[in-house]
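A.B. asks: structure_24.cif is reproduced in full below (mmCIF, C-alpha atoms and all ligand atoms).
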data_query
loop_
_atom_site.label_atom_id
_atom_site.label_comp_id
_atom_site.auth_asym_id
_atom_site.auth_seq_id
_atom_site.Cartn_x
_atom_site.Cartn_y
_atom_site.Cartn_z
CA SER P 1 -76.42 -38.80 -48.90
CA ALA P 2 -74.34 -37.28 -51.71
CA ASN P 3 -74.45 -40.59 -53.53
CA LEU P 4 -77.97 -41.19 -54.63
CA ARG P 5 -80.22 -38.77 -56.37
CA PRO P 6 -82.88 -38.16 -53.73
CA THR P 7 -86.33 -38.53 -55.29
CA GLY P 8 -88.21 -35.27 -55.55
CA GLN P 9 -85.16 -33.25 -54.56
CA GLN P 10 -82.45 -31.37 -56.43
CA PRO P 11 -79.47 -33.60 -57.18
CA THR P 12 -76.36 -32.64 -55.22
CA ALA P 13 -73.31 -30.98 -56.82
CA THR P 14 -71.38 -34.19 -56.11
CA TYR P 15 -73.97 -36.26 -57.96
CA GLU P 16 -73.68 -33.82 -60.90
CA SER P 17 -69.85 -33.93 -60.97
CA ALA P 18 -68.11 -34.83 -64.24
CA PHE P 19 -66.63 -37.97 -62.67
CA LEU P 20 -69.95 -39.45 -61.53
CA LYS P 21 -71.66 -38.43 -64.79
CA ALA P 22 -69.00 -40.25 -66.81
CA CYS P 23 -69.41 -43.33 -64.61
CA ARG P 24 -73.16 -43.18 -65.31
CA ARG P 25 -72.44 -42.72 -69.06
CA GLU P 26 -74.13 -39.30 -69.11
CA PRO P 27 -72.83 -36.30 -71.11
CA VAL P 28 -69.96 -34.51 -69.32
CA PRO P 29 -68.63 -30.90 -69.35
CA HIS P 30 -65.10 -32.36 -69.74
CA THR P 31 -63.51 -35.79 -69.47
CA PRO P 32 -62.90 -36.38 -65.76
CA VAL P 33 -59.41 -37.37 -64.60
CA TRP P 34 -57.98 -39.05 -61.52
CA PHE P 35 -54.91 -41.22 -60.99
CA MET P 36 -54.58 -44.55 -59.24
CA ARG P 37 -52.10 -44.05 -56.38
CA GLN P 38 -52.40 -40.26 -56.81
CA ALA P 39 -51.65 -39.77 -53.11
CA GLY P 40 -48.27 -41.01 -52.03
CA ARG P 41 -44.59 -40.86 -52.60
CA SER P 42 -44.59 -38.72 -55.75
CA LEU P 43 -45.73 -35.79 -53.57
CA PRO P 44 -43.21 -33.98 -51.32
CA GLU P 45 -46.08 -32.85 -49.07
CA TYR P 46 -46.94 -36.57 -48.56
CA LEU P 47 -43.37 -37.51 -47.66
CA LYS P 48 -43.38 -34.66 -45.16
CA VAL P 49 -46.55 -35.64 -43.25
CA ARG P 50 -45.68 -39.37 -43.34
CA GLU P 51 -42.19 -38.83 -41.86
CA GLY P 52 -41.58 -41.38 -39.08
CA ILE P 53 -45.07 -42.91 -39.33
CA PRO P 54 -45.29 -46.51 -40.64
CA MET P 55 -47.73 -47.00 -43.56
CA LEU P 56 -50.33 -49.11 -41.71
CA GLU P 57 -50.27 -46.80 -38.69
CA SER P 58 -50.91 -43.82 -40.95
CA CYS P 59 -54.03 -45.55 -42.31
CA MET P 60 -55.51 -45.56 -38.79
CA MET P 61 -55.04 -41.81 -38.19
CA PRO P 62 -58.22 -40.09 -39.50
CA GLU P 63 -56.83 -36.54 -39.69
CA LEU P 64 -53.68 -37.69 -41.46
CA VAL P 65 -55.72 -39.84 -43.86
CA ALA P 66 -57.95 -36.86 -44.71
CA GLU P 67 -54.93 -34.61 -45.27
CA ILE P 68 -53.14 -37.15 -47.53
CA THR P 69 -56.35 -37.82 -49.50
CA MET P 70 -56.77 -34.07 -50.13
CA GLN P 71 -53.19 -33.42 -51.25
CA PRO P 72 -53.51 -34.55 -54.91
CA VAL P 73 -56.91 -32.84 -55.21
CA ARG P 74 -55.41 -29.51 -54.16
CA ARG P 75 -52.26 -29.89 -56.24
CA HIS P 76 -53.50 -31.50 -59.49
CA HIS P 77 -57.20 -30.47 -59.57
CA VAL P 78 -58.20 -34.07 -60.28
CA ASP P 79 -61.94 -34.78 -60.60
CA ALA P 80 -62.08 -37.33 -57.78
CA ALA P 81 -60.28 -38.13 -54.55
CA ILE P 82 -59.41 -41.70 -53.59
CA TYR P 83 -59.54 -42.62 -49.95
CA PHE P 84 -56.00 -43.05 -48.58
CA SER P 85 -55.59 -46.57 -47.25
CA ASP P 86 -54.30 -49.90 -48.53
CA ILE P 87 -55.91 -53.12 -49.72
CA VAL P 88 -54.52 -55.02 -46.71
CA VAL P 89 -56.04 -52.66 -44.08
CA PRO P 90 -59.20 -54.79 -43.51
CA LEU P 91 -57.00 -57.90 -43.08
CA LYS P 92 -54.87 -56.12 -40.48
CA ALA P 93 -58.13 -54.97 -38.83
CA ILE P 94 -59.29 -58.56 -38.26
CA GLY P 95 -55.98 -59.44 -36.65
CA ILE P 96 -53.93 -60.97 -39.47
CA ASP P 97 -50.27 -60.45 -38.58
CA LEU P 98 -49.04 -58.45 -41.54
CA ASP P 99 -46.94 -55.40 -42.26
CA ILE P 100 -46.27 -53.16 -45.27
CA LYS P 101 -42.51 -53.16 -45.81
CA PRO P 102 -41.22 -50.01 -47.55
CA GLY P 103 -40.14 -50.77 -51.12
CA VAL P 104 -41.50 -54.34 -50.84
CA GLY P 105 -45.24 -54.26 -50.12
CA PRO P 106 -47.52 -56.27 -47.82
CA VAL P 107 -45.82 -59.15 -45.98
CA VAL P 108 -47.88 -61.75 -44.06
CA GLU P 109 -46.14 -63.43 -41.08
CA GLN P 110 -47.98 -66.79 -41.37
CA PRO P 111 -49.38 -67.45 -44.85
CA ILE P 112 -52.87 -68.95 -45.22
CA ARG P 113 -52.64 -72.32 -46.94
CA SER P 114 -54.76 -74.85 -45.00
CA ARG P 115 -58.31 -75.37 -43.75
CA ALA P 116 -57.10 -74.55 -40.22
CA ASP P 117 -55.54 -71.27 -41.43
CA LEU P 118 -58.91 -70.19 -42.84
CA ALA P 119 -60.34 -69.89 -39.31
CA ARG P 120 -58.04 -66.88 -38.80
CA LEU P 121 -60.13 -64.89 -41.29
CA ARG P 122 -62.94 -63.73 -39.03
CA ASP P 123 -65.71 -61.34 -40.09
CA LEU P 124 -64.92 -57.63 -40.32
CA THR P 125 -67.21 -55.28 -38.37
CA PRO P 126 -67.57 -51.52 -38.92
CA GLU P 127 -66.11 -51.02 -35.40
CA ASP P 128 -62.88 -52.72 -36.53
CA VAL P 129 -62.34 -49.87 -39.01
CA TRP P 130 -63.81 -46.96 -37.00
CA TYR P 131 -61.01 -44.73 -38.34
CA VAL P 132 -62.36 -45.16 -41.90
CA THR P 133 -65.78 -43.81 -40.93
CA GLU P 134 -64.16 -40.94 -39.05
CA ALA P 135 -61.74 -40.01 -41.85
CA ILE P 136 -64.46 -40.07 -44.52
CA GLY P 137 -66.61 -37.84 -42.31
CA LEU P 138 -63.80 -35.28 -42.26
CA LEU P 139 -63.26 -35.69 -46.00
CA THR P 140 -66.81 -35.24 -47.26
CA ALA P 141 -66.92 -31.92 -45.38
CA GLU P 142 -63.68 -30.76 -47.00
CA LEU P 143 -64.21 -32.15 -50.52
CA GLY P 144 -67.30 -30.10 -51.39
CA SER P 145 -68.53 -31.28 -54.80
CA THR P 146 -65.46 -33.47 -55.51
CA PRO P 147 -66.49 -37.13 -55.22
CA LEU P 148 -64.60 -39.55 -52.99
CA ILE P 149 -63.76 -43.01 -54.32
CA GLY P 150 -63.66 -45.79 -51.74
CA PHE P 151 -61.75 -48.96 -52.59
CA ALA P 152 -60.85 -52.48 -51.59
CA GLY P 153 -58.69 -55.33 -52.81
CA ALA P 154 -60.59 -58.01 -54.72
CA PRO P 155 -60.67 -61.55 -53.28
CA PHE P 156 -58.07 -62.96 -55.72
CA THR P 157 -55.50 -60.21 -55.16
CA LEU P 158 -55.96 -60.35 -51.37
CA ALA P 159 -55.66 -64.15 -51.50
CA SER P 160 -52.43 -63.86 -53.43
CA TYR P 161 -50.82 -61.84 -50.59
CA LEU P 162 -52.26 -64.15 -47.90
CA VAL P 163 -51.29 -67.41 -49.60
CA GLU P 164 -47.84 -66.33 -50.88
CA GLY P 165 -47.04 -64.47 -47.67
CA GLY P 166 -46.02 -61.38 -49.64
CA PRO P 167 -45.65 -59.95 -53.14
CA SER P 168 -45.08 -62.57 -55.81
CA LYS P 169 -44.26 -62.68 -59.50
CA ASN P 170 -45.85 -65.95 -60.55
CA HIS P 171 -48.37 -66.58 -57.70
CA GLU P 172 -47.29 -70.22 -57.52
CA HIS P 173 -48.62 -71.07 -54.03
CA THR P 174 -51.85 -69.25 -54.85
CA LYS P 175 -52.40 -71.16 -58.09
CA ALA P 176 -51.35 -74.44 -56.46
CA LEU P 177 -54.15 -73.98 -53.91
CA MET P 178 -56.65 -72.86 -56.56
CA TYR P 179 -55.98 -75.89 -58.78
CA GLY P 180 -55.19 -78.42 -56.03
CA ASP P 181 -57.95 -77.79 -53.48
CA PRO P 182 -60.83 -76.06 -55.26
CA GLN P 183 -63.15 -76.32 -52.24
CA LEU P 184 -60.69 -74.70 -49.82
CA TRP P 185 -59.94 -72.07 -52.47
CA ALA P 186 -63.64 -71.30 -52.96
CA ASP P 187 -64.13 -71.01 -49.20
CA LEU P 188 -61.10 -68.71 -48.89
CA LEU P 189 -62.35 -66.41 -51.66
CA ASP P 190 -65.85 -66.40 -50.20
CA ARG P 191 -64.47 -65.35 -46.77
CA LEU P 192 -62.51 -62.56 -48.47
CA ALA P 193 -65.62 -61.50 -50.40
CA GLU P 194 -67.50 -61.10 -47.09
CA ILE P 195 -64.69 -59.02 -45.55
CA THR P 196 -64.32 -56.88 -48.67
CA SER P 197 -68.09 -56.29 -48.88
CA VAL P 198 -68.18 -54.95 -45.32
CA PHE P 199 -65.13 -52.77 -45.96
CA LEU P 200 -66.78 -51.19 -49.03
CA LYS P 201 -70.14 -50.75 -47.25
CA VAL P 202 -68.44 -48.89 -44.41
CA GLN P 203 -66.88 -46.50 -46.93
CA ILE P 204 -70.12 -45.92 -48.84
CA GLU P 205 -72.16 -45.39 -45.69
CA ALA P 206 -69.59 -42.87 -44.48
CA GLY P 207 -69.91 -40.90 -47.75
CA ALA P 208 -67.86 -42.46 -50.58
CA SER P 209 -69.59 -41.72 -53.93
CA ALA P 210 -68.04 -44.58 -55.93
CA VAL P 211 -65.97 -47.67 -55.19
CA GLN P 212 -63.12 -49.37 -56.97
CA LEU P 213 -62.32 -53.04 -56.58
CA PHE P 214 -58.59 -53.55 -57.27
CA ASP P 215 -57.89 -57.02 -58.67
CA SER P 216 -54.37 -55.94 -59.55
CA TRP P 217 -52.81 -59.37 -60.08
CA VAL P 218 -55.74 -61.35 -61.58
CA GLY P 219 -54.26 -60.88 -65.07
CA ALA P 220 -52.14 -63.92 -64.16
CA LEU P 221 -55.18 -66.15 -64.84
CA ALA P 222 -56.69 -67.61 -68.01
CA PRO P 223 -60.34 -66.66 -68.67
CA ALA P 224 -61.71 -70.14 -67.86
CA ASP P 225 -59.96 -70.15 -64.46
CA TYR P 226 -61.14 -66.61 -63.79
CA ARG P 227 -64.73 -67.54 -64.55
CA ARG P 228 -64.65 -70.71 -62.44
CA SER P 229 -62.44 -69.74 -59.51
CA VAL P 230 -62.59 -65.96 -59.07
CA MET P 231 -65.69 -64.48 -60.65
CA PRO P 232 -68.18 -65.89 -58.10
CA ALA P 233 -66.38 -64.12 -55.23
CA SER P 234 -65.91 -60.81 -57.08
CA SER P 235 -69.57 -60.90 -58.19
CA LYS P 236 -70.60 -61.40 -54.58
CA VAL P 237 -68.78 -58.19 -53.62
CA PHE P 238 -70.41 -56.16 -56.40
CA LYS P 239 -73.84 -57.57 -55.51
CA ALA P 240 -73.32 -56.68 -51.84
CA VAL P 241 -73.00 -52.97 -52.66
CA GLU P 242 -75.47 -52.82 -55.55
CA GLU P 243 -78.31 -51.44 -53.40
CA TYR P 244 -76.39 -48.20 -52.73
CA GLY P 245 -76.49 -47.24 -56.41
CA VAL P 246 -72.93 -45.88 -56.43
CA PRO P 247 -70.74 -46.63 -59.47
CA ARG P 248 -68.59 -49.74 -59.08
CA ILE P 249 -65.20 -49.71 -60.84
CA HIS P 250 -63.24 -52.92 -61.45
CA PHE P 251 -59.54 -52.80 -62.30
CA GLY P 252 -56.66 -55.20 -62.89
CA VAL P 253 -53.30 -55.23 -64.63
CA GLY P 254 -52.65 -57.39 -67.72
CA THR P 255 -56.35 -58.21 -67.92
CA GLY P 256 -56.85 -57.74 -71.67
CA GLU P 257 -58.25 -61.26 -72.00
CA LEU P 258 -60.50 -60.81 -68.94
CA LEU P 259 -62.11 -57.43 -69.63
CA GLY P 260 -65.46 -58.88 -70.70
CA LEU P 261 -65.66 -61.15 -67.66
CA MET P 262 -64.62 -58.37 -65.27
CA GLY P 263 -67.50 -56.28 -66.56
CA GLU P 264 -69.84 -59.27 -66.32
CA ALA P 265 -68.79 -59.76 -62.69
CA GLY P 266 -70.87 -56.69 -61.86
CA ALA P 267 -68.86 -53.56 -62.63
CA ASP P 268 -70.38 -50.33 -63.93
CA VAL P 269 -66.94 -49.08 -65.03
CA VAL P 270 -64.14 -51.33 -66.25
CA GLY P 271 -60.56 -50.19 -65.68
CA VAL P 272 -58.15 -50.90 -68.54
CA ASP P 273 -54.35 -51.00 -68.36
CA TRP P 274 -52.18 -49.50 -71.14
CA ARG P 275 -51.90 -52.70 -73.20
CA VAL P 276 -55.35 -52.58 -74.85
CA PRO P 277 -56.54 -49.41 -76.65
CA LEU P 278 -59.85 -48.15 -75.28
CA ASP P 279 -61.80 -48.64 -78.53
CA GLU P 280 -60.75 -52.30 -78.56
CA ALA P 281 -61.45 -52.57 -74.81
CA ALA P 282 -64.98 -51.26 -75.47
CA ARG P 283 -65.54 -54.07 -78.00
CA ARG P 284 -64.36 -56.63 -75.44
CA VAL P 285 -66.46 -55.21 -72.59
CA GLY P 286 -69.60 -54.63 -74.65
CA PRO P 287 -72.30 -51.97 -74.25
CA GLY P 288 -73.70 -50.58 -71.02
CA LYS P 289 -70.42 -49.98 -69.19
CA ALA P 290 -68.06 -47.00 -68.93
CA LEU P 291 -64.30 -47.45 -69.24
CA GLN P 292 -61.47 -46.03 -67.15
CA GLY P 293 -57.87 -45.54 -68.27
CA ASN P 294 -55.39 -45.94 -69.78
CA ILE P 295 -52.21 -43.97 -70.42
CA ASP P 296 -48.95 -45.89 -69.84
CA PRO P 297 -47.59 -44.61 -66.49
CA ALA P 298 -44.04 -44.90 -67.85
CA VAL P 299 -44.67 -42.07 -70.36
CA LEU P 300 -44.65 -39.69 -67.35
CA PHE P 301 -40.85 -40.09 -67.26
CA SER P 302 -40.66 -38.80 -70.82
CA THR P 303 -40.99 -35.23 -72.19
CA PRO P 304 -44.12 -33.06 -71.76
CA GLU P 305 -44.65 -33.34 -75.55
CA ALA P 306 -44.55 -37.15 -75.39
CA VAL P 307 -47.06 -37.16 -72.50
CA GLU P 308 -49.44 -34.93 -74.50
CA ALA P 309 -49.08 -37.09 -77.62
CA LYS P 310 -49.87 -40.22 -75.61
CA ALA P 311 -52.81 -38.53 -73.85
CA ARG P 312 -54.15 -37.44 -77.28
CA GLU P 313 -53.93 -41.05 -78.45
CA VAL P 314 -55.95 -42.21 -75.42
CA LEU P 315 -58.60 -39.49 -75.95
CA ASP P 316 -58.89 -40.38 -79.66
CA ALA P 317 -59.38 -44.07 -78.85
CA ALA P 318 -62.03 -43.02 -76.29
CA ALA P 319 -63.90 -40.69 -78.69
CA ASP P 320 -66.86 -43.05 -79.23
CA LEU P 321 -67.12 -44.46 -75.70
CA GLU P 322 -70.39 -44.11 -73.77
CA GLY P 323 -68.49 -42.99 -70.68
CA HIS P 324 -64.77 -42.35 -70.18
CA VAL P 325 -62.87 -41.66 -66.96
CA PHE P 326 -59.28 -40.70 -67.81
CA ASN P 327 -56.65 -42.45 -65.69
CA LEU P 328 -53.28 -44.12 -65.93
CA GLY P 329 -53.10 -47.78 -66.95
CA HIS P 330 -51.79 -48.51 -63.43
CA GLY P 331 -50.66 -46.52 -60.38
CA VAL P 332 -48.49 -43.38 -60.30
CA PRO P 333 -44.85 -44.54 -60.02
CA PRO P 334 -43.27 -43.20 -56.78
CA THR P 335 -40.53 -41.27 -58.62
CA THR P 336 -42.92 -39.42 -60.97
CA ASP P 337 -42.43 -35.64 -61.25
CA PRO P 338 -45.75 -34.38 -59.81
CA ASP P 339 -45.74 -31.44 -62.26
CA SER P 340 -46.17 -33.89 -65.15
CA LEU P 341 -49.43 -35.07 -63.51
CA THR P 342 -50.69 -31.52 -62.96
CA ARG P 343 -49.98 -30.72 -66.63
CA LEU P 344 -51.73 -33.91 -67.76
CA VAL P 345 -54.93 -33.04 -65.87
CA GLU P 346 -54.90 -29.55 -67.39
CA TYR P 347 -54.31 -30.99 -70.87
CA VAL P 348 -57.21 -33.46 -70.69
CA HIS P 349 -59.54 -30.82 -69.27
CA THR P 350 -58.79 -28.23 -71.98
CA GLN P 351 -58.77 -30.77 -74.82
CA THR P 352 -62.18 -32.15 -73.88
CA ALA P 353 -63.99 -28.98 -72.68
CA ARG P 354 -67.46 -28.90 -74.22
O1 LIG P 401 -54.15 -43.75 -54.80
C1 LIG P 401 -54.22 -43.43 -53.60
O2 LIG P 401 -53.98 -42.29 -53.22
C2 LIG P 401 -54.72 -44.42 -52.59
C3 LIG P 401 -53.70 -45.13 -51.93
C4 LIG P 401 -53.43 -46.60 -52.16
C5 LIG P 401 -52.39 -47.24 -51.49
N1 LIG P 401 -52.46 -48.56 -51.79
C6 LIG P 401 -51.42 -46.58 -50.61
C7 LIG P 401 -50.08 -47.15 -50.48
C8 LIG P 401 -54.12 -47.55 -52.91
C9 LIG P 401 -55.31 -47.38 -53.82
C10 LIG P 401 -53.48 -48.79 -52.66
C11 LIG P 401 -53.95 -50.07 -53.22
C12 LIG P 401 -53.01 -51.19 -53.31
N2 LIG P 401 -52.10 -51.63 -52.38
C13 LIG P 401 -52.97 -52.10 -54.38
C14 LIG P 401 -53.88 -52.02 -55.59
C15 LIG P 401 -53.41 -50.95 -56.51
C16 LIG P 401 -52.25 -51.35 -57.39
O3 LIG P 401 -51.24 -50.66 -57.33
O4 LIG P 401 -52.41 -52.30 -58.14
C17 LIG P 401 -52.01 -53.06 -54.10
C18 LIG P 401 -51.60 -54.21 -55.00
C19 LIG P 401 -51.46 -52.76 -52.83
C20 LIG P 401 -50.42 -53.50 -52.08
C21 LIG P 401 -49.27 -52.59 -51.83
N3 LIG P 401 -49.22 -51.69 -50.78
C22 LIG P 401 -48.10 -52.39 -52.61
C23 LIG P 401 -47.75 -53.18 -53.84
C24 LIG P 401 -47.36 -51.36 -52.00
C25 LIG P 401 -46.09 -50.71 -52.49
C26 LIG P 401 -44.87 -51.19 -51.77
C27 LIG P 401 -43.74 -50.20 -51.99
O5 LIG P 401 -43.30 -49.62 -50.99
O6 LIG P 401 -43.32 -50.02 -53.12
C28 LIG P 401 -48.07 -50.94 -50.86
C29 LIG P 401 -47.70 -49.88 -49.93
C30 LIG P 401 -48.41 -48.59 -50.17
N4 LIG P 401 -49.75 -48.47 -50.32
C31 LIG P 401 -47.81 -47.31 -50.23
C32 LIG P 401 -48.86 -46.40 -50.41
C33 LIG P 401 -48.77 -44.90 -50.49
C34 LIG P 401 -46.34 -47.01 -50.10
C35 LIG P 401 -45.96 -47.06 -48.65
C36 LIG P 401 -45.32 -45.79 -48.16
O7 LIG P 401 -45.58 -44.68 -48.69
O8 LIG P 401 -44.58 -45.90 -47.17
#
When written as structure tokens, how does the structure in this file appear?
Ligand code: CP3
C.D. replies:
Amino acid sequence: SANLRPTGQQPTATYESAFLKACRREPVPHTPVWFMRQAGRSLPEYLKVREGIPMLESCMMPELVAEITMQPVRRHHVDAAIYFSDIVVPLKAIGIDLDIKPGVGPVVEQPIRSRADLARLRDLTPEDVWYVTEAIGLLTAELGSTPLIGFAGAPFTLASYLVEGGPSKNHEHTKALMYGDPQLWADLLDRLAEITSVFLKVQIEAGASAVQLFDSWVGALAPADYRRSVMPASSKVFKAVEEYGVPRIHFGVGTGELLGLMGEAGADVVGVDWRVPLDEAARRVGPGKALQGNIDPAVLFSTPEAVEAKAREVLDAAADLEGHVFNLGHGVPPTTDPDSLTRLVEYVHTQTAR
């Protein structure tokens, strides 16, 4: 496997990549860069291959998935690829009736809000997501020494789509269930932790060299509620993949007050959005963990000079970190000029070359 350093053997080029070294808090030749949502609508070559193919269907087509995953690597020379899929793919795979509506996001036909609804969340098996194994097989051959990041949605963020029935601003149904029926809530998150653990294991066993758990919307919670109602399930996911020894990244938006707990949940790398400078984030997370982030995605709509100034600010705040993976503070906005991303990768690489 490209993931673990085989005892008594030479480490692989993937293992020695700048991205995996930074995740392990080892010295790096340059600060590695990748972008959340780097594949997708900002790329004309993506729009071309996706033409006429619905999002969830595209996720089940191994050759198309491999092509889309490679596109930002070829174009931007990022230091890692992220497997092209979506956080709701494992839910679709166990038969939940959901769709991804363009410009809206995941929509669930019958929301999950009762004990009876919970029975619809059956276990995920590797056979349910055979296309993931196949696509990653194609990818590891093509990627060479560039690591592949596998990912999944964290239990809270998945629950928010299942309970609300779609995207939501205030997560009212989700919080109502969490506060009103703590036992049902705990059982729901535990089910989702099981499904998510299998989904990540499939990706690692197929060849993913790191995994990221997206808890995009958990910033809606206060720390005490996070600790009590979410952390046990997220910890269970991190524990489930611990034995593989691949770096585990944990990311959410608006999580400034939760950074310490998100590290404590079992992450090796904590993702930080643009609201908290990385030096301050390091104080909140504490020693022994790398950080990922955190340039404001909106600056990409500004001038090249403004992007460089902002990137410089991020690198300066990261100067004393044990390990830094450069990224945006959230995903690439669909209308981003891809050239601004290519220039940003080049800038970070030249500025940090050692
Ligand atoms: O970065 C990558 O290249 C990997 C691709 C990726 C997608 N979804 C593809 C996608 C990743 C990592 C995700 C994760 C995801 N999906 C998250 C967590 C990351 C985050 O942004 O916080 C969340 C919350 C979702 C749910 C979801 N799926 C949303 C909010 C949307 C956008 C809806 C829209 O159209 O604006 C999707 C759909 C989706 N997932 C698209 C892509 C490329 C757009 C669909 C399309 O191109 O037709």
A.B. asks: Measure the distance from atom CA of P:Pro287 to atom CA of P:Ile82 in Å and round it to one decimal.
C.D. replies: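 Taking atom CA of P:Pro287 and atom CA of P:Ile82, their separation equals 26.4 Å.
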A.B. asks: So what do you get for atom C7 of ligand LIG 401 (chain P) versus atom CA of P:Leu158, distance-wise?
C.D. replies: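 The value is 14.5 Å.
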A.B. asks: What's around P:Ala141 at 12 Å? Count only C-alpha atoms, leave out sequence neighbours fewer than 3 positions away in its own chain, and write the answer as a ChimeraX atom specification.
C.D. replies: /P:2,14,66,70,134-138,144-148,206-208
A.B. asks: Using all atoms listed in the file, which of P:Pro11, P:Pro232, P:Gly105, P:Gly219 sits nearest P:Pro155?
C.D. replies: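 Looking at the shortest contact to P:Pro155, the residue is P:Pro232.
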A.B. asks: What residues of the protein or nucleic acid chains come within 8 Å of ligand LIG 401 (chain P) when you use all atoms listed in the file? Reply as an mmCIF file with C-alpha atoms, in the frame of the given file.
C.D. replies:
data_model
loop_
_atom_site.group_PDB
_atom_site.id
_atom_site.type_symbol
_atom_site.label_atom_id
_atom_site.label_comp_id
_atom_site.auth_asym_id
_atom_site.auth_seq_id
_atom_site.Cartn_x
_atom_site.Cartn_y
_atom_site.Cartn_z
ATOM 1 C CA PHE P 35 -54.910 -41.220 -60.990
ATOM 2 C CA MET P 36 -54.580 -44.550 -59.240
ATOM 3 C CA ARG P 37 -52.100 -44.050 -56.380
ATOM 4 C CA GLN P 38 -52.400 -40.260 -56.810
ATOM 5 C CA ALA P 39 -51.650 -39.770 -53.110
ATOM 6 C CA GLY P 40 -48.270 -41.010 -52.030
ATOM 7 C CA ARG P 41 -44.590 -40.860 -52.600
ATOM 8 C CA LEU P 47 -43.370 -37.510 -47.660
ATOM 9 C CA ARG P 50 -45.680 -39.370 -43.340
ATOM 10 C CA PRO P 54 -45.290 -46.510 -40.640
ATOM 11 C CA MET P 55 -47.730 -47.000 -43.560
ATOM 12 C CA ILE P 68 -53.140 -37.150 -47.530
ATOM 13 C CA THR P 69 -56.350 -37.820 -49.500
ATOM 14 C CA PRO P 72 -53.510 -34.550 -54.910
ATOM 15 C CA ALA P 81 -60.280 -38.130 -54.550
ATOM 16 C CA ILE P 82 -59.410 -41.700 -53.590
ATOM 17 C CA TYR P 83 -59.540 -42.620 -49.950
ATOM 18 C CA PHE P 84 -56.000 -43.050 -48.580
ATOM 19 C CA SER P 85 -55.590 -46.570 -47.250
ATOM 20 C CA ASP P 86 -54.300 -49.900 -48.530
ATOM 21 C CA ILE P 87 -55.910 -53.120 -49.720
ATOM 22 C CA VAL P 88 -54.520 -55.020 -46.710
ATOM 23 C CA ILE P 100 -46.270 -53.160 -45.270
ATOM 24 C CA LYS P 101 -42.510 -53.160 -45.810
ATOM 25 C CA PRO P 102 -41.220 -50.010 -47.550
ATOM 26 C CA GLY P 103 -40.140 -50.770 -51.120
ATOM 27 C CA VAL P 104 -41.500 -54.340 -50.840
ATOM 28 C CA GLY P 105 -45.240 -54.260 -50.120
ATOM 29 C CA PRO P 106 -47.520 -56.270 -47.820
ATOM 30 C CA PHE P 151 -61.750 -48.960 -52.590
ATOM 31 C CA ALA P 152 -60.850 -52.480 -51.590
ATOM 32 C CA GLY P 153 -58.690 -55.330 -52.810
ATOM 33 C CA THR P 157 -55.500 -60.210 -55.160
ATOM 34 C CA PRO P 167 -45.650 -59.950 -53.140
ATOM 35 C CA PHE P 214 -58.590 -53.550 -57.270
ATOM 36 C CA ASP P 215 -57.890 -57.020 -58.670
ATOM 37 C CA SER P 216 -54.370 -55.940 -59.550
ATOM 38 C CA TRP P 217 -52.810 -59.370 -60.080
ATOM 39 C CA GLY P 252 -56.660 -55.200 -62.890
ATOM 40 C CA VAL P 253 -53.300 -55.230 -64.630
ATOM 41 C CA HIS P 330 -51.790 -48.510 -63.430
ATOM 42 C CA GLY P 331 -50.660 -46.520 -60.380
ATOM 43 C CA VAL P 332 -48.490 -43.380 -60.300
ATOM 44 C CA PRO P 334 -43.270 -43.200 -56.780
#
A.B. asks: With only C-alpha atoms as the basis for distance, which of P:Ser17, P:Gln110, P:Ser160, P:Ser42 is at the shortest distance from P:Val78?
C.D. replies: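 Among the listed residues, P:Ser17 lies closest to P:Val78.
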A.B. asks: Do a neighbour search on P:Val163 at 6 Å with all atoms listed in the file, toss out local chain neighbours closer than 2 positions, and write the hits as a short mmCIF file (atom, residue, chain, number, x, y, z; two decimals) with C-alpha atoms, in the coordinates of the input.
C.D. replies:
data_model
loop_
_atom_site.label_atom_id
_atom_site.label_comp_id
_atom_site.auth_asym_id
_atom_site.auth_seq_id
_atom_site.Cartn_x
_atom_site.Cartn_y
_atom_site.Cartn_z
CA PRO P 111 -49.38 -67.45 -44.85
CA ILE P 112 -52.87 -68.95 -45.22
CA ARG P 113 -52.64 -72.32 -46.94
CA ALA P 159 -55.66 -64.15 -51.50
CA SER P 160 -52.43 -63.86 -53.43
CA TYR P 161 -50.82 -61.84 -50.59
CA GLY P 165 -47.04 -64.47 -47.67
CA THR P 174 -51.85 -69.25 -54.85
#
A.B. asks: Write out as a VMD selection string each polymer residue whose atoms come within 7 Å of P:Val33, counting all atoms listed in the file; drop sequence neighbours fewer than 3 positions from it.
C.D. replies: chain P and resid 78 to 79 325 to 327 345
A.B. asks: Could you tell me how far atom CA of P:Gln212 sits from atom CA of P:His171, in Å to one decimal place?
C.D. replies: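 Going from atom CA of P:His171 over to atom CA of P:Gln212 covers 22.7 Å.
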A.B. asks: Can you work out which one of P:Ala220, P:Leu124, P:Ala154, P:Leu56 has the shortest atom-to-atom distance to P:Phe251, counting all atoms listed in the file?
C.D. replies: P:Ala154
A.B. asks: Just want the 9 Å neighbourhood of P:Arg248, counted on only C-alpha atoms, with same-chain residues fewer than 5 positions away dropped. Output as a list in words.
C.D. replies: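 Once the nearby chain positions are removed, what remains is Cys23, Ala210, Val211, Gln212, Leu213, Phe238, Val241, Glu242, Gly266, Ala267, Asp268, Val269 and Val270 of chain P.
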A.B. asks: Show me, as a PyMOL selection string, the residues that have an atom within 9 Å of P:Leu300 when counting all atoms listed in the file, minus same-chain residues fewer than 2 positions from it.
C.D. replies: chain P and resi 296-298+302-304+306-307+332-333+336-337+340-341
A.B. asks: Using all atoms listed in the file, can you tell me which of P:Val237, P:Met60, P:Ala80, P:Leu162 comes closest to P:Thr31?
C.D. replies: P:Ala80
